[in-house]
$ cat data-v2.pdb   # PDB, C-alpha atoms
MODEL        1
ATOM      1  CA  MET A   1     -57.837  48.388 -44.814  1.00  0.00           C
ATOM      2  CA  THR A   2     -54.683  49.807 -43.303  1.00  0.00           C
ATOM      3  CA  VAL A   3     -51.128  48.921 -44.221  1.00  0.00           C
ATOM      4  CA  GLY A   4     -50.760  47.217 -40.849  1.00  0.00           C
ATOM      5  CA  GLU A   5     -53.781  45.027 -41.550  1.00  0.00           C
ATOM      6  CA  LEU A   6     -52.410  44.103 -44.974  1.00  0.00           C
ATOM      7  CA  ILE A   7     -49.054  43.207 -43.438  1.00  0.00           C
ATOM      8  CA  ASN A   8     -50.752  41.104 -40.753  1.00  0.00           C
ATOM      9  CA  ARG A   9     -52.832  39.338 -43.370  1.00  0.00           C
ATOM     10  CA  GLY A  10     -49.707  38.633 -45.418  1.00  0.00           C
ATOM     11  CA  GLU A  11     -47.920  37.225 -42.378  1.00  0.00           C
ATOM     12  CA  ALA A  12     -50.897  35.044 -41.541  1.00  0.00           C
ATOM     13  CA  THR A  13     -50.931  33.723 -45.108  1.00  0.00           C
ATOM     14  CA  GLN A  14     -47.210  33.052 -44.927  1.00  0.00           C
ATOM     15  CA  LEU A  15     -47.614  31.157 -41.661  1.00  0.00           C
ATOM     16  CA  ALA A  16     -50.452  29.128 -43.161  1.00  0.00           C
ATOM     17  CA  PHE A  17     -48.196  28.193 -46.090  1.00  0.00           C
ATOM     18  CA  LYS A  18     -45.370  27.272 -43.726  1.00  0.00           C
ATOM     19  CA  GLY A  19     -47.797  25.080 -41.805  1.00  0.00           C
ATOM     20  CA  GLU A  20     -48.927  23.380 -45.004  1.00  0.00           C
ATOM     21  CA  ALA A  21     -45.331  22.895 -46.104  1.00  0.00           C
ATOM     22  CA  ALA A  22     -44.484  21.337 -42.738  1.00  0.00           C
ATOM     23  CA  GLN A  23     -47.528  19.091 -43.002  1.00  0.00           C
ATOM     24  CA  LEU A  24     -46.550  17.990 -46.503  1.00  0.00           C
ATOM     25  CA  ALA A  25     -43.001  17.323 -45.329  1.00  0.00           C
ATOM     26  CA  LEU A  26     -44.354  15.179 -42.490  1.00  0.00           C
ATOM     27  CA  LYS A  27     -46.631  13.312 -44.883  1.00  0.00           C
ATOM     28  CA  GLY A  28     -43.638  12.718 -47.127  1.00  0.00           C
ATOM     29  CA  GLU A  29     -41.614  11.370 -44.215  1.00  0.00           C
ATOM     30  CA  ALA A  30     -44.490   9.144 -43.147  1.00  0.00           C
ATOM     31  CA  ALA A  31     -44.791   7.811 -46.697  1.00  0.00           C
ATOM     32  CA  GLN A  32     -41.045   7.239 -46.807  1.00  0.00           C
ATOM     33  CA  LEU A  33     -41.133   5.348 -43.520  1.00  0.00           C
ATOM     34  CA  ALA A  34     -44.080   3.287 -44.731  1.00  0.00           C
ATOM     35  CA  LEU A  35     -42.135   2.410 -47.890  1.00  0.00           C
ATOM     36  CA  LYS A  36     -39.075   1.460 -45.847  1.00  0.00           C
ATOM     37  CA  GLY A  37     -41.322  -0.756 -43.740  1.00  0.00           C
ATOM     38  CA  GLU A  38     -42.731  -2.365 -46.872  1.00  0.00           C
ATOM     39  CA  VAL A  39     -39.250  -2.965 -48.255  1.00  0.00           C
ATOM     40  CA  ALA A  40     -38.130  -4.500 -44.963  1.00  0.00           C
ATOM     41  CA  ARG A  41     -41.231  -6.675 -44.904  1.00  0.00           C
ATOM     42  CA  LEU A  42     -40.680  -7.822 -48.478  1.00  0.00           C
ATOM     43  CA  ALA A  43     -37.051  -8.575 -47.702  1.00  0.00           C
ATOM     44  CA  LEU A  44     -38.135 -10.657 -44.712  1.00  0.00           C
ATOM     45  CA  ALA A  45     -40.752 -12.450 -46.783  1.00  0.00           C
ATOM     46  CA  GLY A  46     -38.089 -13.212 -49.377  1.00  0.00           C
ATOM     47  CA  GLU A  47     -35.740 -14.535 -46.723  1.00  0.00           C
ATOM     48  CA  LEU A  48     -38.475 -16.687 -45.242  1.00  0.00           C
ATOM     49  CA  ALA A  49     -39.375 -18.030 -48.669  1.00  0.00           C
ATOM     50  CA  SER A  50     -35.783 -18.933 -49.442  1.00  0.00           C
ATOM     51  CA  ALA A  51     -35.331 -20.453 -45.990  1.00  0.00           C
ATOM     52  CA  LEU A  52     -38.463 -22.545 -46.395  1.00  0.00           C
ATOM     53  CA  GLY A  53     -37.871 -23.302 -50.061  1.00  0.00           C
TER      54      GLY A  53
ENDMDL
END
$ encode --input "data-v2.pdb" --output "structure tokens"
Amino acid sequence: MTVGELINRGEATQLAFKGEAAQLALKGEAAQLALKGEVARLALAGELASALG
């Protein structure tokens, strides 16, 4: 294996890691948005309960 091939392989690995990191970041944002939605829903449910109660 030549030095060039090793460098290319290293760059490919690095790009794969960057892709995984981006994917994890997106998953984290999705989870965060889902949680915010849950919190908003719970707040609404609480408001409805107090309005009805």
$ atom_distance --input "data-v2.pdb" --atom1 "CA of Leu24 (chain A)" --atom2 "CA of Val39 (chain A)"
22.3 Å
$ atom_distance --input "data-v2.pdb" --atom1 "CA of Met1 (chain A)" --atom2 "CA of Lys18 (chain A)"
24.5 Å
$ atom_distance --input "data-v2.pdb" --atom1 "CA of Ala34 (chain A)" --atom2 "CA of Gly53 (chain A)"
27.8 Å
$ build_atoms --input "data-v2.pdb" --residues "region 2-22 of chain A" --atoms "N, CA, C and O atoms" --output "CSV table (one decimal), keeping the file's coordinate frame"
chain,number,residue,atom,x,y,z
A,2,THR,N,-55.9,49.1,-43.5
A,2,THR,CA,-54.7,49.8,-43.3
A,2,THR,C,-53.5,49.0,-43.7
A,2,THR,O,-53.6,47.7,-44.0
A,3,VAL,N,-52.4,49.6,-43.8
A,3,VAL,CA,-51.1,48.9,-44.2
A,3,VAL,C,-50.8,47.8,-43.2
A,3,VAL,O,-50.4,46.7,-43.5
A,4,GLY,N,-51.0,48.2,-41.9
A,4,GLY,CA,-50.8,47.2,-40.8
A,4,GLY,C,-51.6,46.0,-41.0
A,4,GLY,O,-51.1,44.8,-40.8
A,5,GLU,N,-52.9,46.2,-41.4
A,5,GLU,CA,-53.8,45.0,-41.6
A,5,GLU,C,-53.3,44.2,-42.7
A,5,GLU,O,-53.4,42.9,-42.7
A,6,LEU,N,-52.9,44.8,-43.8
A,6,LEU,CA,-52.4,44.1,-45.0
A,6,LEU,C,-51.2,43.3,-44.6
A,6,LEU,O,-51.0,42.1,-45.0
A,7,ILE,N,-50.3,43.9,-43.8
A,7,ILE,CA,-49.1,43.2,-43.4
A,7,ILE,C,-49.4,42.0,-42.6
A,7,ILE,O,-48.9,40.9,-42.8
A,8,ASN,N,-50.3,42.2,-41.6
A,8,ASN,CA,-50.8,41.1,-40.8
A,8,ASN,C,-51.4,40.0,-41.6
A,8,ASN,O,-51.1,38.8,-41.3
A,9,ARG,N,-52.2,40.3,-42.5
A,9,ARG,CA,-52.8,39.3,-43.4
A,9,ARG,C,-51.8,38.6,-44.2
A,9,ARG,O,-51.8,37.3,-44.3
A,10,GLY,N,-50.8,39.3,-44.7
A,10,GLY,CA,-49.7,38.6,-45.4
A,10,GLY,C,-48.9,37.7,-44.5
A,10,GLY,O,-48.6,36.6,-45.0
A,11,GLU,N,-48.7,38.1,-43.3
A,11,GLU,CA,-47.9,37.2,-42.4
A,11,GLU,C,-48.7,36.0,-42.0
A,11,GLU,O,-48.2,34.9,-41.9
A,12,ALA,N,-50.0,36.2,-41.9
A,12,ALA,CA,-50.9,35.0,-41.5
A,12,ALA,C,-50.9,34.0,-42.7
A,12,ALA,O,-50.8,32.8,-42.5
A,13,THR,N,-51.0,34.6,-43.9
A,13,THR,CA,-50.9,33.7,-45.1
A,13,THR,C,-49.6,33.0,-45.2
A,13,THR,O,-49.6,31.8,-45.5
A,14,GLN,N,-48.5,33.7,-44.9
A,14,GLN,CA,-47.2,33.1,-44.9
A,14,GLN,C,-47.1,31.9,-43.9
A,14,GLN,O,-46.6,30.8,-44.2
A,15,LEU,N,-47.6,32.2,-42.7
A,15,LEU,CA,-47.6,31.2,-41.7
A,15,LEU,C,-48.5,30.0,-42.1
A,15,LEU,O,-48.1,28.8,-41.8
A,16,ALA,N,-49.6,30.2,-42.7
A,16,ALA,CA,-50.5,29.1,-43.2
A,16,ALA,C,-49.7,28.3,-44.2
A,16,ALA,O,-49.7,27.0,-44.1
A,17,PHE,N,-49.0,28.9,-45.1
A,17,PHE,CA,-48.2,28.2,-46.1
A,17,PHE,C,-47.1,27.4,-45.4
A,17,PHE,O,-46.8,26.2,-45.8
A,18,LYS,N,-46.4,28.0,-44.4
A,18,LYS,CA,-45.4,27.3,-43.7
A,18,LYS,C,-45.9,26.0,-43.0
A,18,LYS,O,-45.3,25.0,-43.0
A,19,GLY,N,-47.1,26.2,-42.5
A,19,GLY,CA,-47.8,25.1,-41.8
A,19,GLY,C,-48.1,24.0,-42.8
A,19,GLY,O,-47.9,22.8,-42.5
A,20,GLU,N,-48.6,24.4,-44.0
A,20,GLU,CA,-48.9,23.4,-45.0
A,20,GLU,C,-47.7,22.7,-45.5
A,20,GLU,O,-47.7,21.5,-45.7
A,21,ALA,N,-46.6,23.5,-45.6
A,21,ALA,CA,-45.3,22.9,-46.1
A,21,ALA,C,-44.8,21.9,-45.1
A,21,ALA,O,-44.4,20.8,-45.4
A,22,ALA,N,-44.9,22.2,-43.8
A,22,ALA,CA,-44.5,21.3,-42.7
A,22,ALA,C,-45.3,20.1,-42.7
A,22,ALA,O,-44.8,19.0,-42.6
